[in-house]
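Student: So here's final-v4.pdb, just PDB, C-alpha atoms:
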```pdb
ATOM      1  CA  MET T   1      36.337 -26.801  34.563  1.00  0.00           C
ATOM      2  CA  LYS T   2      39.795 -27.984  33.564  1.00  0.00           C
ATOM      3  CA  GLY T   3      43.032 -26.188  32.704  1.00  0.00           C
ATOM      4  CA  SER T   4      44.605 -25.348  29.381  1.00  0.00           C
ATOM      5  CA  SER T   5      45.864 -27.885  26.865  1.00  0.00           C
ATOM      6  CA  PHE T   6      49.355 -26.577  27.652  1.00  0.00           C
ATOM      7  CA  SER T   7      51.205 -25.645  30.783  1.00  0.00           C
ATOM      8  CA  PHE T   8      54.893 -24.880  30.413  1.00  0.00           C
ATOM      9  CA  GLU T   9      56.773 -25.832  33.541  1.00  0.00           C
ATOM     10  CA  HIS T  10      60.323 -26.215  34.788  1.00  0.00           C
ATOM     11  CA  ALA T  11      61.160 -28.889  37.377  1.00  0.00           C
ATOM     12  CA  THR T  12      63.527 -27.828  40.154  1.00  0.00           C
ATOM     13  CA  PRO T  13      64.285 -29.004  43.722  1.00  0.00           C
ATOM     14  CA  GLN T  14      63.965 -25.477  45.153  1.00  0.00           C
ATOM     15  CA  PHE T  15      62.007 -22.295  44.570  1.00  0.00           C
ATOM     16  CA  TRP T  16      62.212 -18.752  45.912  1.00  0.00           C
ATOM     17  CA  PHE T  17      60.021 -15.773  45.183  1.00  0.00           C
ATOM     18  CA  LYS T  18      60.315 -12.128  46.241  1.00  0.00           C
ATOM     19  CA  ASN T  19      56.625 -11.599  47.068  1.00  0.00           C
ATOM     20  CA  THR T  20      54.287 -13.440  49.414  1.00  0.00           C
ATOM     21  CA  VAL T  21      53.202 -16.873  48.183  1.00  0.00           C
ATOM     22  CA  THR T  22      49.770 -18.244  49.063  1.00  0.00           C
ATOM     23  CA  GLU T  23      49.499 -22.031  48.965  1.00  0.00           C
ATOM     24  CA  PHE T  24      46.459 -24.252  48.607  1.00  0.00           C
ATOM     25  CA  LEU T  25      46.360 -28.021  48.994  1.00  0.00           C
ATOM     26  CA  LYS T  26      44.802 -29.778  46.000  1.00  0.00           C
ATOM     27  CA  ILE T  27      43.736 -33.416  46.366  1.00  0.00           C
ATOM     28  CA  ALA T  28      43.202 -35.353  43.130  1.00  0.00           C
ATOM     29  CA  GLU T  29      40.496 -37.984  42.646  1.00  0.00           C
ATOM     30  CA  SER T  30      43.275 -40.538  43.185  1.00  0.00           C
ATOM     31  CA  GLY T  31      44.016 -39.035  46.621  1.00  0.00           C
ATOM     32  CA  TYR T  32      47.377 -37.629  45.444  1.00  0.00           C
ATOM     33  CA  GLU T  33      48.164 -34.330  47.171  1.00  0.00           C
ATOM     34  CA  ARG T  34      49.792 -31.271  45.549  1.00  0.00           C
ATOM     35  CA  LEU T  35      50.469 -27.826  46.948  1.00  0.00           C
ATOM     36  CA  GLN T  36      49.593 -25.049  44.504  1.00  0.00           C
ATOM     37  CA  GLY T  37      51.552 -21.796  44.990  1.00  0.00           C
ATOM     38  CA  PHE T  38      50.110 -18.428  43.910  1.00  0.00           C
ATOM     39  CA  CYS T  39      51.556 -14.901  43.998  1.00  0.00           C
ATOM     40  CA  GLY T  40      50.129 -13.026  46.974  1.00  0.00           C
ATOM     41  CA  LYS T  41      50.063  -9.777  44.925  1.00  0.00           C
ATOM     42  CA  CYS T  42      48.567 -10.702  41.555  1.00  0.00           C
ATOM     43  CA  GLY T  43      47.237 -14.252  42.046  1.00  0.00           C
ATOM     44  CA  CYS T  44      49.412 -15.732  39.266  1.00  0.00           C
ATOM     45  CA  HIS T  45      49.865 -19.513  39.535  1.00  0.00           C
ATOM     46  CA  LEU T  46      53.590 -19.917  40.296  1.00  0.00           C
ATOM     47  CA  TYR T  47      54.154 -23.593  41.014  1.00  0.00           C
ATOM     48  CA  ALA T  48      52.893 -26.969  42.120  1.00  0.00           C
ATOM     49  CA  THR T  49      54.845 -29.186  44.489  1.00  0.00           C
ATOM     50  CA  ASP T  50      54.506 -32.258  46.660  1.00  0.00           C
ATOM     51  CA  PRO T  51      53.588 -31.671  50.336  1.00  0.00           C
ATOM     52  CA  ALA T  52      57.238 -32.327  51.368  1.00  0.00           C
ATOM     53  CA  LYS T  53      58.388 -29.668  48.858  1.00  0.00           C
ATOM     54  CA  LYS T  54      61.021 -31.917  47.264  1.00  0.00           C
ATOM     55  CA  LEU T  55      60.239 -31.061  43.618  1.00  0.00           C
ATOM     56  CA  PHE T  56      58.713 -27.805  42.343  1.00  0.00           C
ATOM     57  CA  MET T  57      57.040 -27.564  38.950  1.00  0.00           C
ATOM     58  CA  ILE T  58      57.432 -23.838  38.231  1.00  0.00           C
ATOM     59  CA  ARG T  59      55.042 -22.256  35.736  1.00  0.00           C
ATOM     60  CA  THR T  60      57.503 -20.665  33.343  1.00  0.00           C
ATOM     61  CA  GLY T  61      55.078 -17.985  32.130  1.00  0.00           C
ATOM     62  CA  CYS T  62      55.721 -16.076  35.373  1.00  0.00           C
ATOM     63  CA  LEU T  63      59.494 -15.958  34.766  1.00  0.00           C
ATOM     64  CA  ASP T  64      61.271 -13.043  33.076  1.00  0.00           C
ATOM     65  CA  GLN T  65      63.287 -15.550  30.998  1.00  0.00           C
ATOM     66  CA  HIS T  66      60.282 -17.638  29.866  1.00  0.00           C
ATOM     67  CA  HIS T  67      61.029 -17.021  26.174  1.00  0.00           C
ATOM     68  CA  LYS T  68      64.516 -18.584  26.564  1.00  0.00           C
ATOM     69  CA  LEU T  69      63.290 -21.879  28.037  1.00  0.00           C
ATOM     70  CA  VAL T  70      62.767 -24.525  25.369  1.00  0.00           C
ATOM     71  CA  PRO T  71      60.491 -27.465  26.223  1.00  0.00           C
ATOM     72  CA  ALA T  72      62.416 -30.735  26.442  1.00  0.00           C
ATOM     73  CA  LYS T  73      59.649 -33.190  27.291  1.00  0.00           C
ATOM     74  CA  HIS T  74      55.896 -33.526  26.923  1.00  0.00           C
ATOM     75  CA  ILE T  75      54.479 -34.980  30.132  1.00  0.00           C
ATOM     76  CA  PHE T  76      50.952 -36.319  30.621  1.00  0.00           C
ATOM     77  CA  GLY T  77      50.899 -37.410  26.976  1.00  0.00           C
ATOM     78  CA  LYS T  78      48.147 -39.879  27.785  1.00  0.00           C
ATOM     79  CA  SER T  79      45.712 -37.007  28.332  1.00  0.00           C
ATOM     80  CA  ALA T  80      46.910 -34.833  25.407  1.00  0.00           C
ATOM     81  CA  VAL T  81      44.287 -33.576  22.967  1.00  0.00           C
ATOM     82  CA  GLU T  82      44.396 -35.257  19.549  1.00  0.00           C
ATOM     83  CA  TRP T  83      45.497 -32.136  17.645  1.00  0.00           C
ATOM     84  CA  VAL T  84      48.637 -31.478  19.707  1.00  0.00           C
ATOM     85  CA  GLY T  85      50.896 -33.346  17.255  1.00  0.00           C
ATOM     86  CA  LYS T  86      49.625 -31.284  14.313  1.00  0.00           C
ATOM     87  CA  ILE T  87      50.083 -27.799  15.786  1.00  0.00           C
ATOM     88  CA  ALA T  88      53.522 -27.137  14.225  1.00  0.00           C
ATOM     89  CA  ASP T  89      52.097 -27.764  10.749  1.00  0.00           C
ATOM     90  CA  SER T  90      49.068 -25.501  11.197  1.00  0.00           C
ATOM     91  CA  SER T  91      48.859 -21.979   9.774  1.00  0.00           C
ATOM     92  CA  TRP T  92      50.205 -19.175  11.967  1.00  0.00           C
ATOM     93  CA  VAL T  93      49.456 -15.444  12.065  1.00  0.00           C
ATOM     94  CA  ALA T  94      51.642 -12.725  13.575  1.00  0.00           C
ATOM     95  CA  ALA T  95      49.466 -10.991  16.159  1.00  0.00           C
ATOM     96  CA  GLY T  96      45.763 -11.813  15.917  1.00  0.00           C
ATOM     97  CA  PRO T  97      43.096 -13.397  13.715  1.00  0.00           C
ATOM     98  CA  ALA T  98      43.278 -10.693  11.025  1.00  0.00           C
ATOM     99  CA  SER T  99      47.076 -10.210  11.063  1.00  0.00           C
ATOM    100  CA  ALA T 100      49.574 -11.327   8.425  1.00  0.00           C
ATOM    101  CA  ALA T 101      50.530 -14.956   7.976  1.00  0.00           C
ATOM    102  CA  MET T 102      53.917 -15.974   9.278  1.00  0.00           C
ATOM    103  CA  THR T 103      56.312 -18.911   9.515  1.00  0.00           C
ATOM    104  CA  PRO T 104      57.116 -19.515  13.202  1.00  0.00           C
ATOM    105  CA  PHE T 105      60.407 -21.326  12.602  1.00  0.00           C
ATOM    106  CA  LYS T 106      62.480 -22.783   9.830  1.00  0.00           C
ATOM    107  CA  LYS T 107      61.376 -26.242   8.802  1.00  0.00           C
ATOM    108  CA  ALA T 108      63.984 -28.759   7.724  1.00  0.00           C
TER     109      ALA T 108
END
```
Rewrite the structure of this file - the entire thing - as structure tokens.

Tutor:
Amino acid sequence: MKGSSFSFEHATPQFWFKNTVTEFLKIAESGYERLQGFCGKCGCHLYATDPAKKLFMIRTGCLDQHHKLVPAKHIFGKSAVEWVGKIADSSWVAAGPASAAMTPFKKA
């Protein structure tokens, strides 16, 4: 099983968290090692980092300010699904499959 088509992350050289963090070492097929940090209370995936903990990729969905963080770069574009470039032009609904249509943002 693989992850989602999207993962919104913020890169930072340091990370602190109020609750206990449980870490697991993940080794890719290439042999590249990453530490995965999870909240010790709820199990939410908080971050991934190198074993030396020099750069943290924080999962922004766990942050209170996640709605204020605007993506600036699409990484791992080589493995992106084909439809990712068309998503802004697709039809949107407000709250669920049967809800009213909406325009997510103003188009130029």

Student: If we count all atoms listed in the file and set the cut-off at 10 Å, which residues sit around range 75-85 of chain T, ignoring sequence neighbours fewer than 4 positions away in its own chain? Please answer as a VMD selection string.

Tutor: chain T and resid 5 to 7 89 to 90

Student: Give me, as a PDB file with C-alpha atoms, keeping the file's coordinate frame, all polymer residues having an atom no more than 8 Å from Phe8 in chain T, counting all atoms listed in the file and skipping those fewer than 6 positions away in the same chain.

Tutor:
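Contents of the output file around_7.pdb:
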```pdb
ATOM      1  CA  ARG T  59      55.042 -22.256  35.736  1.00  0.00           C
ATOM      2  CA  THR T  60      57.503 -20.665  33.343  1.00  0.00           C
ATOM      3  CA  GLY T  61      55.078 -17.985  32.130  1.00  0.00           C
ATOM      4  CA  PRO T  71      60.491 -27.465  26.223  1.00  0.00           C
TER       5      PRO T  71
END
```

Student: Take the PyMOL selection byres ((chain T and resi 91) around 9), run it mentally on this structure, and tell me the resulting residues as a ChimeraX atom specification.

Tutor: /T:87-90,92-93,101-103

Student: If you keep C-alpha atoms, can you produce a file of those selected residues as an mmCIF file, keeping the file's coordinate frame?

Tutor:
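Just written: part.cif:
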```cif
data_model
loop_
_atom_site.group_PDB
_atom_site.id
_atom_site.type_symbol
_atom_site.label_atom_id
_atom_site.label_comp_id
_atom_site.auth_asym_id
_atom_site.auth_seq_id
_atom_site.Cartn_x
_atom_site.Cartn_y
_atom_site.Cartn_z
ATOM 1 C CA ILE T 87 50.083 -27.799 15.786
ATOM 2 C CA ALA T 88 53.522 -27.137 14.225
ATOM 3 C CA ASP T 89 52.097 -27.764 10.749
ATOM 4 C CA SER T 90 49.068 -25.501 11.197
ATOM 5 C CA TRP T 92 50.205 -19.175 11.967
ATOM 6 C CA VAL T 93 49.456 -15.444 12.065
ATOM 7 C CA ALA T 101 50.530 -14.956 7.976
ATOM 8 C CA MET T 102 53.917 -15.974 9.278
ATOM 9 C CA THR T 103 56.312 -18.911 9.515
#
```

Student: Between CA of Asp64 in chain T and CA of Tyr47 in chain T, what is the distance in Å, rounded to a tenth?

Tutor: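 Taking CA of Asp64 in chain T as the start and CA of Tyr47 in chain T as the end point, the length is 15.0 Å.
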
Student: I'd like to see the residues matched by the PyMOL selection byres ((chain T and resi 44) around 12) on this file, and ideally I'd get them as a PyMOL selection string.

Tutor: chain T and resi 19-23+36-43+45-47+58-63

Student: For Tyr32 in chain T, which of T:Phe56, T:Gly96, T:Thr49, T:Phe17 is the closest residue, counting all atoms listed in the file?

Tutor: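 Under the stated criterion, the closest residue is T:Thr49.
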
Student: In Å, rounded to a single decimal, give me how far CA of Phe15 in chain T is from CA of Leu55 in chain T.

Tutor: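 Between these atoms lies a distance of 9.0 Å.
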
Student: Any chance you could work out the axis-aligned box around range 82-101 of chain T, listed atoms only, 6 Å on each side, giving centre and edge lengths in Å to one decimal, as AutoDock Vina command-line options?

Tutor:
```
--center_x 48.3 --center_y -22.7 --center_z 13.8 --size_x 22.4 --size_y 37.0 --size_z 23.7
```

Student: Kindly give the distance, in Å, that separates CA of Gln14 in chain T and CA of Glu33 in chain T, rounded to a single decimal.

Tutor: 18.2 Å

Student: Which protein, DNA or RNA residues are at most 6 Å from (56.4, -28.2, 34.2) in the file's coordinates when you count only C-alpha atoms, listed as a list in words?

Tutor: Phe8, Glu9, His10, Ala11 and Met57 of chain T

Student: Keeping C-alpha atoms for every residue in the selection just given, could you write it to a file as a PDB file, keeping the file's coordinate frame?

Tutor:
```pdb
ATOM      1  CA  PHE T   8      54.893 -24.880  30.413  1.00  0.00           C
ATOM      2  CA  GLU T   9      56.773 -25.832  33.541  1.00  0.00           C
ATOM      3  CA  HIS T  10      60.323 -26.215  34.788  1.00  0.00           C
ATOM      4  CA  ALA T  11      61.160 -28.889  37.377  1.00  0.00           C
ATOM      5  CA  MET T  57      57.040 -27.564  38.950  1.00  0.00           C
TER       6      MET T  57
END
```

Student: Quick one: residues within 9 Å of Pro51 in chain T, only C-alpha atoms counted, chain neighbours fewer than 6 positions away excluded, as a PyMOL selection string?

Tutor: chain T and resi 25+33-35
